[in-house]
>>> print(open('start05.txt').read())   # compact mmCIF, C-alpha atoms
# COMPACT_ATOMS: atom_id res chain seq x y z
CA MET E 21 -210.29 -114.54 19.53
CA PHE E 22 -208.64 -113.69 22.86
CA GLU E 23 -208.74 -117.35 23.84
CA THR E 24 -207.00 -118.29 20.57
CA LEU E 25 -204.44 -115.53 21.07
CA GLU E 26 -203.79 -116.78 24.59
CA GLN E 27 -203.17 -120.27 23.19
CA ALA E 28 -200.90 -118.84 20.48
CA LEU E 29 -198.86 -117.00 23.13
CA GLN E 30 -198.68 -120.22 25.11
CA ILE E 31 -197.34 -121.98 22.02
CA LEU E 32 -194.75 -119.20 21.67
CA GLY E 33 -193.61 -119.54 25.27
CA LEU E 34 -193.71 -123.32 25.65
CA GLY E 35 -192.95 -124.14 22.02
CA TRP E 36 -190.04 -121.84 21.29
CA GLY E 37 -188.76 -122.21 24.84
CA GLY E 38 -189.05 -125.98 24.48
CA VAL E 39 -187.08 -125.95 21.22
CA PHE E 40 -184.30 -123.97 22.93
CA LEU E 41 -184.35 -126.39 25.85
CA VAL E 42 -184.08 -129.46 23.62
CA MET E 43 -181.32 -127.89 21.52
CA LEU E 44 -179.46 -126.87 24.68
CA VAL E 45 -179.61 -130.42 26.00
CA ILE E 46 -178.45 -131.76 22.61
CA TYR E 47 -175.63 -129.20 22.68
CA LEU E 48 -174.46 -130.43 26.07
CA VAL E 49 -174.78 -134.06 24.99
CA SER E 50 -172.78 -133.32 21.81
CA MET E 51 -170.02 -131.73 23.88
CA LEU E 52 -169.98 -134.79 26.11
CA LEU E 53 -169.96 -137.17 23.14
CA THR E 54 -167.01 -135.50 21.45
CA LYS E 55 -165.14 -135.45 24.78
CA LEU E 56 -165.88 -139.10 25.64
CA PHE E 57 -165.21 -140.41 22.14
CA PRO E 58 -162.41 -138.39 20.57
CA PRO E 59 -161.25 -139.59 17.15
CA ALA E 60 -157.69 -140.23 18.32
CA LYS E 61 -158.78 -143.00 20.69
CA GLU E 62 -160.38 -145.03 17.90
CA MET C 15 -219.18 -137.38 -27.60
CA ASP C 16 -221.74 -136.73 -24.84
CA VAL C 17 -219.05 -137.24 -22.22
CA LEU C 18 -216.79 -134.72 -23.98
CA ILE C 19 -219.57 -132.12 -24.19
CA GLN C 20 -220.50 -132.74 -20.55
CA GLY C 21 -216.88 -132.27 -19.54
CA ILE C 22 -216.51 -129.00 -21.45
CA LEU C 23 -219.83 -127.72 -20.09
CA GLY C 24 -218.71 -128.72 -16.58
CA LEU C 25 -215.53 -126.69 -16.98
CA VAL C 26 -217.39 -123.65 -18.31
CA ALA C 27 -220.03 -123.88 -15.56
CA GLU C 28 -217.36 -123.93 -12.87
CA PRO C 29 -214.59 -121.48 -13.88
CA GLY C 30 -212.79 -122.31 -10.64
CA ARG C 31 -211.78 -125.59 -12.24
CA ILE C 32 -210.17 -123.72 -15.14
CA ALA C 33 -208.32 -121.47 -12.66
CA MET C 34 -207.01 -124.53 -10.81
CA ILE C 35 -205.91 -126.17 -14.06
CA ALA C 36 -203.99 -122.95 -14.77
CA ILE C 37 -202.45 -123.12 -11.27
CA GLY C 38 -201.45 -126.73 -11.96
CA CYS C 39 -199.74 -125.59 -15.16
CA VAL C 40 -197.93 -122.82 -13.24
CA LEU C 41 -196.70 -125.35 -10.65
CA MET C 42 -195.38 -127.59 -13.42
CA TYR C 43 -193.78 -124.57 -15.15
CA LEU C 44 -192.02 -123.61 -11.91
CA GLY C 45 -190.85 -127.17 -11.45
CA ILE C 46 -189.72 -127.84 -15.02
CA ARG C 47 -188.48 -124.49 -16.34
CA LYS C 48 -187.36 -122.83 -13.10
CA GLU C 49 -186.38 -126.11 -11.38
CA TYR C 50 -188.08 -125.07 -8.13
CA GLU C 51 -188.52 -128.33 -6.16
CA PRO C 52 -189.42 -130.24 -9.36
CA THR C 53 -189.76 -133.59 -7.58
CA LEU C 54 -192.84 -132.25 -5.81
CA LEU C 55 -194.14 -129.40 -7.94
CA VAL C 56 -194.33 -131.46 -11.14
CA PRO C 57 -196.46 -134.31 -9.72
CA MET C 58 -198.47 -131.80 -7.68
CA GLY C 59 -199.07 -129.68 -10.78
CA LEU C 60 -200.34 -132.57 -12.88
CA GLY C 61 -202.31 -133.86 -9.89
CA THR C 62 -204.00 -130.47 -9.58
CA ILE C 63 -205.12 -130.70 -13.20
CA LEU C 64 -206.36 -134.27 -12.75
CA VAL C 65 -208.49 -133.55 -9.67
CA ASN C 66 -210.14 -130.49 -11.24
CA ILE C 67 -211.43 -132.15 -14.39
CA PRO C 68 -215.23 -132.57 -14.02
CA ASN C 69 -216.31 -136.07 -12.89
CA THR C 70 -212.67 -137.05 -12.50
CA GLY C 71 -212.07 -140.71 -11.78
CA VAL C 72 -208.91 -140.06 -9.75
CA LEU C 73 -210.96 -139.01 -6.71
CA GLU C 74 -213.97 -141.27 -7.05
CA THR C 75 -214.75 -144.00 -9.49
CA GLY C 76 -217.96 -146.04 -9.62
CA GLY C 77 -218.99 -144.83 -6.17
CA GLN C 78 -215.69 -146.06 -4.72
CA ALA C 79 -212.65 -144.05 -3.65
CA GLY C 80 -210.40 -143.32 -6.64
CA PRO C 81 -206.63 -143.91 -6.71
CA PHE C 82 -205.69 -140.44 -5.39
CA THR C 83 -208.16 -140.73 -2.53
CA VAL C 84 -206.84 -144.19 -1.66
CA LEU C 85 -203.27 -142.90 -1.75
CA PHE C 86 -204.20 -139.89 0.38
CA GLN C 87 -205.91 -142.06 2.97
CA ALA C 88 -203.03 -144.53 3.05
CA GLY C 89 -200.14 -142.08 2.99
CA ILE C 90 -201.22 -138.71 4.35
CA GLU C 91 -204.09 -139.44 6.71
CA THR C 92 -201.97 -142.14 8.36
CA GLU C 93 -198.98 -139.72 8.20
CA LEU C 94 -196.82 -142.47 6.72
CA PHE C 95 -195.51 -140.62 3.65
CA PRO C 96 -193.95 -137.64 5.47
CA LEU C 97 -192.43 -139.98 8.03
CA LEU C 98 -190.97 -142.31 5.41
CA LEU C 99 -189.56 -139.28 3.64
CA PHE C 100 -187.78 -138.40 6.87
CA ILE C 101 -185.83 -141.68 6.78
CA GLY C 102 -184.35 -140.58 3.47
CA ILE C 103 -183.68 -137.04 4.68
CA GLY C 104 -181.97 -138.39 7.80
CA ALA C 105 -179.78 -140.62 5.63
CA MET C 106 -178.72 -137.58 3.60
CA ILE C 107 -177.64 -135.45 6.56
CA ASP C 108 -174.09 -135.40 7.87
CA PHE C 109 -174.16 -134.20 11.47
CA GLY C 110 -170.34 -134.12 11.54
CA PRO C 111 -169.96 -130.33 11.09
CA LEU C 112 -172.60 -129.77 13.75
CA LEU C 113 -170.90 -132.13 16.22
CA ALA C 114 -167.67 -130.28 15.52
CA ASN C 115 -169.38 -126.96 16.38
CA PRO C 116 -172.29 -127.90 18.67
CA PHE C 117 -172.73 -124.30 19.78
CA LEU C 118 -174.42 -123.66 16.43
CA LEU C 119 -177.32 -125.89 17.51
CA LEU C 120 -178.82 -122.88 19.25
CA PHE C 121 -179.24 -121.07 15.92
CA GLY C 122 -181.50 -123.89 14.79
CA ALA C 123 -183.77 -123.05 17.71
CA ALA C 124 -183.67 -119.30 17.13
CA ALA C 125 -184.57 -119.57 13.46
CA GLN C 126 -187.87 -121.30 14.27
CA PHE C 127 -189.21 -117.93 15.41
CA GLY C 128 -191.35 -117.59 12.27
CA ILE C 129 -193.49 -120.57 13.31
CA PHE C 130 -194.56 -118.92 16.54
CA PHE C 131 -194.81 -115.41 15.13
CA VAL C 132 -197.15 -116.56 12.35
CA THR C 133 -199.24 -118.59 14.79
CA ILE C 134 -199.87 -115.40 16.76
CA VAL C 135 -200.59 -113.32 13.64
CA ALA C 136 -202.96 -115.99 12.28
CA SER C 137 -204.82 -116.14 15.58
CA LEU C 138 -205.19 -112.34 15.48
CA LEU C 139 -206.62 -112.69 11.97
CA GLY C 140 -209.35 -114.95 13.33
CA PHE C 141 -208.09 -118.43 12.43
CA ASP C 142 -208.79 -121.09 15.03
CA ILE C 143 -205.74 -122.30 16.89
CA ALA C 144 -205.33 -125.52 14.86
CA ASP C 145 -205.31 -123.63 11.56
CA ALA C 146 -203.16 -120.83 13.03
CA ALA C 147 -200.54 -123.33 14.18
CA SER C 148 -200.76 -125.17 10.85
CA ALA C 149 -200.10 -121.88 9.04
CA GLY C 150 -197.23 -121.24 11.44
CA ILE C 151 -195.64 -124.59 10.79
CA ILE C 152 -195.07 -123.62 7.12
CA ALA C 153 -192.22 -121.59 8.62
CA ALA C 154 -190.57 -124.83 9.72
CA ALA C 155 -189.27 -124.69 6.11
CA ASP C 156 -189.67 -128.42 6.10
CA GLY C 157 -192.34 -129.96 3.86
CA PRO C 158 -192.80 -133.31 5.64
CA THR C 159 -193.05 -131.60 9.06
CA SER C 160 -195.61 -129.13 7.71
CA ILE C 161 -197.73 -131.96 6.29
CA PHE C 162 -197.41 -134.05 9.43
CA VAL C 163 -198.40 -131.26 11.81
CA ALA C 164 -201.17 -129.78 9.63
CA ASN C 165 -202.68 -133.22 9.13
CA SER C 166 -202.42 -134.14 12.81
CA LEU C 167 -204.19 -130.88 13.69
CA GLY C 168 -206.87 -131.57 11.08
CA SER C 169 -206.25 -128.32 9.21
CA LYS C 170 -208.57 -127.62 6.30
CA TYR C 171 -205.79 -125.77 4.49
CA MET C 172 -203.57 -128.77 3.70
CA GLY C 173 -203.33 -127.95 -0.02
CA ALA C 174 -202.30 -124.34 0.57
CA ILE C 175 -199.87 -125.38 3.32
CA MET C 176 -198.21 -127.94 1.04
CA VAL C 177 -197.91 -125.54 -1.88
CA ALA C 178 -196.61 -122.76 0.38
CA ALA C 179 -194.13 -125.01 2.22
CA TYR C 180 -192.56 -126.40 -0.93
CA SER C 181 -192.70 -123.35 -3.15
CA TYR C 182 -191.23 -121.02 -0.50
CA MET C 183 -188.51 -123.57 0.19
CA ALA C 184 -187.62 -123.38 -3.46
CA LEU C 185 -187.72 -119.59 -3.20
CA VAL C 186 -185.29 -119.43 -0.26
CA PRO C 187 -182.56 -117.98 -2.54
CA ILE C 188 -184.90 -115.07 -3.25
CA ILE C 189 -186.67 -114.64 0.11
CA GLN C 190 -183.69 -114.94 2.47
CA PRO C 191 -181.34 -112.34 0.94
CA ILE C 192 -184.10 -109.71 1.14
CA ALA C 193 -184.90 -110.58 4.77
CA ILE C 194 -181.23 -110.81 5.80
CA LYS C 195 -180.23 -107.55 4.12
CA ALA C 196 -183.16 -105.79 5.79
CA VAL C 197 -181.83 -106.57 9.27
CA THR C 198 -178.04 -106.55 8.79
CA THR C 199 -175.50 -103.96 7.75
CA LYS C 200 -172.78 -104.64 5.20
CA LYS C 201 -170.25 -104.42 8.04
CA GLU C 202 -172.07 -107.17 9.91
CA ARG C 203 -172.21 -109.34 6.80
CA GLN C 204 -168.44 -108.90 6.46
CA ILE C 205 -167.72 -110.44 9.87
CA ARG C 206 -165.30 -113.31 9.45
CA MET C 207 -165.51 -116.36 11.66
CA LYS C 208 -162.67 -118.69 12.55
CA TYR C 209 -163.37 -122.31 11.79
CA ASN C 210 -161.65 -124.61 14.26
CA PRO C 211 -163.56 -127.87 14.04
CA ARG C 212 -162.92 -130.53 16.60
CA GLY C 213 -162.46 -134.02 15.22
CA VAL C 214 -165.56 -136.19 15.44
CA SER C 215 -165.26 -139.93 15.89
CA GLN C 216 -167.49 -142.47 14.18
CA THR C 217 -168.67 -143.63 17.61
CA ALA C 218 -169.91 -140.13 18.41
CA LYS C 219 -171.67 -139.96 15.04
CA ILE C 220 -173.40 -143.29 15.71
CA LEU C 221 -174.43 -142.38 19.25
CA PHE C 222 -175.67 -138.91 18.28
CA PRO C 223 -178.94 -139.98 16.55
CA VAL C 224 -179.71 -142.46 19.32
CA ILE C 225 -179.20 -139.87 22.04
CA ILE C 226 -181.26 -137.26 20.19
CA CYS C 227 -184.15 -139.73 20.06
CA ILE C 228 -183.92 -140.28 23.81
CA VAL C 229 -183.60 -136.55 24.63
CA ALA C 230 -186.40 -135.50 22.27
CA GLY C 231 -188.55 -138.35 23.52
CA LEU C 232 -188.17 -137.33 27.13
CA VAL C 233 -188.69 -133.59 26.56
CA ALA C 234 -191.20 -133.71 23.71
CA PRO C 235 -192.62 -137.21 23.19
CA ASP C 236 -194.96 -135.98 20.45
CA SER C 237 -191.93 -135.13 18.34
CA LEU C 238 -190.74 -138.74 18.38
CA PRO C 239 -192.40 -139.92 15.16
CA LEU C 240 -190.62 -137.10 13.31
CA VAL C 241 -187.34 -137.20 15.22
CA GLY C 242 -187.28 -141.00 15.38
CA PHE C 243 -187.66 -141.52 11.62
CA LEU C 244 -185.16 -138.75 10.86
CA MET C 245 -182.60 -140.20 13.24
CA PHE C 246 -183.23 -143.75 12.05
CA GLY C 247 -182.26 -142.59 8.56
CA ASN C 248 -179.14 -140.97 9.98
CA LEU C 249 -178.25 -144.11 11.91
CA LEU C 250 -178.45 -146.10 8.65
CA ARG C 251 -175.92 -143.65 7.22
CA GLU C 252 -173.52 -143.57 10.13
CA CYS C 253 -173.54 -147.12 11.47
CA GLY C 254 -171.24 -148.22 8.65
CA VAL C 255 -172.78 -151.65 8.09
CA LEU C 256 -175.98 -150.66 6.29
CA ASN C 257 -174.63 -148.64 3.40
CA ASN C 258 -176.98 -150.29 0.91
CA LEU C 259 -180.00 -149.41 3.04
CA SER C 260 -178.70 -145.88 3.50
CA MET C 261 -178.30 -145.43 -0.27
CA SER C 262 -181.77 -146.89 -0.87
CA ALA C 263 -183.27 -144.52 1.68
CA GLN C 264 -181.50 -141.52 0.11
CA ASN C 265 -182.47 -142.40 -3.43
CA GLU C 266 -185.22 -144.95 -4.11
CA LEU C 267 -187.25 -144.31 -0.97
CA VAL C 268 -187.14 -140.51 -1.26
CA ASN C 269 -187.91 -140.61 -4.98
CA LEU C 270 -190.79 -143.03 -4.63
CA ILE C 271 -192.41 -141.21 -1.71
CA SER C 272 -191.93 -137.84 -3.43
CA ILE C 273 -193.84 -139.09 -6.49
CA LEU C 274 -196.71 -140.45 -4.39
CA LEU C 275 -196.77 -137.49 -2.00
CA GLY C 276 -196.87 -134.94 -4.80
CA LEU C 277 -199.70 -136.73 -6.55
CA CYS C 278 -201.91 -137.57 -3.62
CA VAL C 279 -201.66 -134.18 -1.92
CA SER C 280 -203.52 -132.87 -4.97
CA VAL C 281 -206.63 -134.31 -3.34
CA LYS C 282 -206.66 -131.06 -1.36
CA MET C 283 -206.28 -128.94 -4.51
CA GLU C 284 -209.89 -129.12 -5.67
CA TYR C 285 -211.08 -125.67 -6.68
CA HIS C 286 -213.83 -125.39 -4.05
CA ASP C 287 -211.32 -126.06 -1.27
CA PHE C 288 -208.42 -124.07 -2.68
CA LEU C 289 -209.88 -120.94 -4.26
CA GLN C 290 -210.73 -119.17 -1.03
CA VAL C 291 -209.53 -115.87 0.44
CA ASP C 292 -208.32 -117.85 3.45
CA THR C 293 -206.02 -119.86 1.21
CA LEU C 294 -204.41 -116.68 -0.05
CA ILE C 295 -203.98 -115.46 3.54
CA ILE C 296 -202.36 -118.77 4.49
CA MET C 297 -199.92 -118.41 1.58
CA VAL C 298 -199.03 -114.86 2.68
CA LEU C 299 -198.62 -116.02 6.28
CA GLY C 300 -196.27 -118.77 5.12
CA LEU C 301 -194.13 -116.20 3.35
CA LEU C 302 -194.13 -114.02 6.44
CA GLY C 303 -193.03 -117.06 8.47
CA PHE C 304 -190.01 -117.66 6.21
CA VAL C 305 -189.02 -114.00 6.55
CA MET C 306 -189.43 -114.01 10.33
CA ASP C 307 -187.38 -117.21 10.66
CA SER C 308 -184.46 -115.43 9.04
CA VAL C 309 -185.04 -112.29 11.13
CA GLY C 310 -185.25 -114.38 14.35
CA GLY C 311 -181.99 -116.17 13.57
CA VAL C 312 -180.16 -112.93 12.71
CA MET C 313 -181.43 -111.11 15.80
CA PHE C 314 -180.40 -114.01 18.05
CA ALA C 315 -176.87 -113.88 16.62
CA LYS C 316 -176.79 -110.10 17.17
CA LEU C 317 -177.94 -110.63 20.75
CA LEU C 318 -175.15 -113.13 21.36
CA ASN C 319 -172.64 -110.72 19.81
CA LEU C 320 -173.39 -108.25 22.60
CA PHE C 321 -171.76 -110.69 25.03
CA ARG C 322 -169.12 -112.32 22.85
CA LYS C 323 -165.57 -111.23 22.24
CA GLU C 324 -165.33 -113.28 19.05
CA LYS C 325 -168.23 -112.02 16.95
CA ILE C 326 -170.60 -114.24 14.99
CA ASN C 327 -171.61 -113.27 11.50
CA PRO C 328 -175.35 -112.68 12.11
CA MET C 329 -176.22 -114.29 8.79
CA VAL C 330 -175.27 -117.66 10.29
CA GLY C 331 -178.35 -117.23 12.48
CA ALA C 332 -180.53 -117.02 9.37
CA ALA C 333 -179.05 -120.32 8.15
CA GLY C 334 -180.71 -121.99 11.13
CA ILE C 335 -183.84 -122.71 9.08
CA SER C 336 -184.48 -126.22 7.92
CA ALA C 337 -184.15 -125.60 4.17
CA PHE C 338 -180.95 -127.57 3.67
CA PRO C 339 -178.61 -126.86 1.93
CA MET C 340 -180.11 -123.83 0.16
CA SER C 341 -180.02 -121.61 3.19
CA SER C 342 -176.35 -122.15 3.99
CA ARG C 343 -175.47 -121.52 0.33
CA VAL C 344 -177.46 -118.29 0.34
CA VAL C 345 -175.65 -117.12 3.47
CA GLN C 346 -172.24 -117.95 1.98
CA LYS C 347 -173.17 -116.10 -1.22
CA LEU C 348 -174.14 -113.00 0.77
CA ALA C 349 -170.94 -113.23 2.80
CA THR C 350 -168.87 -113.39 -0.39
CA GLU C 351 -170.82 -110.45 -1.80
CA ALA C 352 -169.92 -108.37 1.25
CA ASP C 353 -166.32 -109.59 1.40
CA PRO C 354 -164.92 -111.85 -1.35
CA GLN C 355 -162.56 -113.49 1.16
CA ASN C 356 -165.24 -114.30 3.72
CA PHE C 357 -165.84 -118.04 4.10
CA ILE C 358 -168.58 -119.03 6.57
CA LEU C 359 -170.10 -121.97 4.70
CA MET C 360 -169.14 -124.58 7.30
CA GLN C 361 -170.71 -122.62 10.16
CA ALA C 362 -173.78 -121.89 8.06
CA SER C 363 -174.10 -125.58 7.10
CA ALA C 364 -173.90 -126.63 10.74
CA ALA C 365 -176.61 -124.11 11.67
CA ASN C 366 -178.66 -125.30 8.71
CA VAL C 367 -178.47 -128.94 9.88
CA ALA C 368 -179.37 -127.77 13.39
CA GLY C 369 -182.45 -126.19 11.81
CA GLN C 370 -183.50 -129.61 10.53
CA ILE C 371 -183.49 -131.02 14.07
CA ALA C 372 -185.09 -127.90 15.55
CA SER C 373 -187.93 -127.83 13.03
CA VAL C 374 -189.04 -131.39 13.81
CA VAL C 375 -188.75 -130.71 17.53
CA ALA C 376 -190.82 -127.54 17.08
CA GLY C 377 -193.45 -129.48 15.14
CA GLY C 378 -193.61 -132.11 17.87
CA LEU C 379 -193.87 -129.50 20.61
CA VAL C 380 -196.69 -127.68 18.83
CA LEU C 381 -198.55 -130.99 18.57
CA GLY C 382 -197.81 -131.76 22.21
CA ILE C 383 -199.29 -128.45 23.31
CA LEU C 384 -202.39 -128.62 21.13
CA LEU C 385 -203.34 -132.31 21.10
>>> encode(input="start05.txt", output="structure tokens")
Amino acid sequence: MFETLEQALQILGLGWGGVFLVMLVIYLVSMLLTKLFPPAKE
Amino acid sequence: MDVLIQGILGLVAEPGRIAMIAIGCVLMYLGIRKEYEPTLLVPMGLGTILVNIPNTGVLETGGQAGPFTVLFQAGIETELFPLLLFIGIGAMIDFGPLLANPFLLLFGAAAQFGIFFVTIVASLLGFDIADAASAGIIAAADGPTSIFVANSLGSKYMGAIMVAAYSYMALVPIIQPIAIKAVTTKKERQIRMKYNPRGVSQTAKILFPVIICIVAGLVAPDSLPLVGFLMFGNLLRECGVLNNLSMSAQNELVNLISILLGLCVSVKMEYHDFLQVDTLIIMVLGLLGFVMDSVGGVMFAKLLNLFRKEKINPMVGAAGISAFPMSSRVVQKLATEADPQNFILMQASAANVAGQIASVVAGGLVLGILL
């Protein structure tokens, strides 16, 4: 059971952390996109 | 006549079959009378009845695989049905409000907390890690992701996971207000938020799905089947030259796959697989996951409020789950309850859409860690 719990904690750390990382990168990319391609220039 | 008597005797000899037929009827009742996810619960309900009739031909006929088994092997074991469903879902989503307020993306990540919390609880209850993570993924609040991950991990609780994922999604208007009210005060629910959206160009909307695929692929390559199909659907919507395909994906494709998915998932609803204590535990864990998603989102918003001058209504954090658009509507309803002039629907919708992206990324990351 301790081995499973260890894996579950690993999933918490890497998984949830990974989701935050991906969403943070997407956030930065979204900021960049809206800056590079503003509606007025179209 | 002999066949009829044999069938009745078979039912009486195995009362579990009668219980499952009753469960099938309840699923259909929830779908038809209560309108809880009827597109899935109705076919799943009838499918449950069909697979639990003694000597049923839908699973096996003349020593060969029956139609449900063939459908299951073709659509679920290959993971094609949930992925095809994602094309339709992607075509339905407008990422515009999210691109206008990209900060809200982070709430999508926070509200996946239930997945990881339930995985830990399930492992403490003695489930192996594959089943624990499969139980956790119910909290993605996203049926196709739950099926995809549970199937990839070879979980033996597919039936329970499907039923839990879809029925709790339908119960979001009941589950979320209880969870949100438990962790927020009325004063917090009254917080008003300014909505100053930036304009979003069509070019940005077209590039967004492409870039998400690249980012998700580089960080979490196992999430690409899910993210890729979702974003492909969105690209059909936004590119502006494939409107017919986008409409087909949103309507015909989603409807067709929902019919087949609902029916063939019943393969896992046979009484000897389903009527187990473990199944009940999985259902309870799924419910816990939905609650903890909302709690995680709210607590993250509260944490941010400690450092922000302009406060966030913490309920927006709870809208970061994938159940779109129910969750954002629930949050708006609670905001109006607390203050009739409070309008936070746009922020909640953006967080809700972020939850859709975050849930598929979470599913992919879980697979990446375990496979």
>>> residues_around(input="start05.txt", residues="Gly369 in chain C", least_positions_apart="5", cutoff="8 Å", atoms="all atoms listed in the file", output="mmCIF file with C-alpha atoms, in the frame of the given file")
data_model
loop_
_atom_site.group_PDB
_atom_site.id
_atom_site.type_symbol
_atom_site.label_atom_id
_atom_site.label_comp_id
_atom_site.auth_asym_id
_atom_site.auth_seq_id
_atom_site.Cartn_x
_atom_site.Cartn_y
_atom_site.Cartn_z
ATOM 1 C CA LEU C 119 -177.320 -125.890 17.510
ATOM 2 C CA PHE C 121 -179.240 -121.070 15.920
ATOM 3 C CA GLY C 122 -181.500 -123.890 14.790
ATOM 4 C CA ALA C 123 -183.770 -123.050 17.710
ATOM 5 C CA ALA C 125 -184.570 -119.570 13.460
ATOM 6 C CA GLN C 126 -187.870 -121.300 14.270
ATOM 7 C CA ALA C 333 -179.050 -120.320 8.150
ATOM 8 C CA GLY C 334 -180.710 -121.990 11.130
ATOM 9 C CA ILE C 335 -183.840 -122.710 9.080
ATOM 10 C CA SER C 336 -184.480 -126.220 7.920
ATOM 11 C CA ALA C 337 -184.150 -125.600 4.170
#
>>> interface_residues(input="start05.txt", of="chain E", to="chain C", cutoff="7 Å", atoms="all atoms listed in the file", output="list in words")
Met21, Thr24, Leu25, Ala28, Leu29, Ile31, Leu32, Gly35, Val39, Phe40, Val42, Met43, Leu44, Ile46, Tyr47, Ser50, Met51, Leu53, Thr54, Phe57, Pro58 and Pro59 of chain E
>>> axis_aligned_box(input="start05.txt", around="range 161-167 of chain C", padding_each_side="6 Å", output="lines of an AutoDock Vina configuration file")
center_x = -200.8
center_y = -132.0
center_z = 10.0
size_x = 18.8
size_y = 16.4
size_z = 19.4
>>> atom_distance(input="start05.txt", atom1="CA of Val345 in chain C", atom2="CA of Ser181 in chain C")
19.3 Å
>>> atom_distance(input="start05.txt", atom1="CA of Val56 in chain C", atom2="CA of Ser272 in chain C")
10.3 Å
>>> atom_distance(input="start05.txt", atom1="CA of Met306 in chain C", atom2="CA of Ala179 in chain C")
14.5 Å
>>> residues_around(input="start05.txt", residues="range 204-209 of chain C", least_positions_apart="2", cutoff="10 Å", atoms="all atoms listed in the file", output="list in words")
Ala114, Asn115, Thr199, Lys200, Lys201, Glu202, Pro211, Arg212, Glu324, Lys325, Ile326, Asn327, Pro328, Met329, Val330, Leu348, Ala349, Thr350, Glu351, Ala352, Asp353, Pro354, Gln355, Asn356, Phe357, Ile358, Leu359, Met360 and Gln361 of chain C
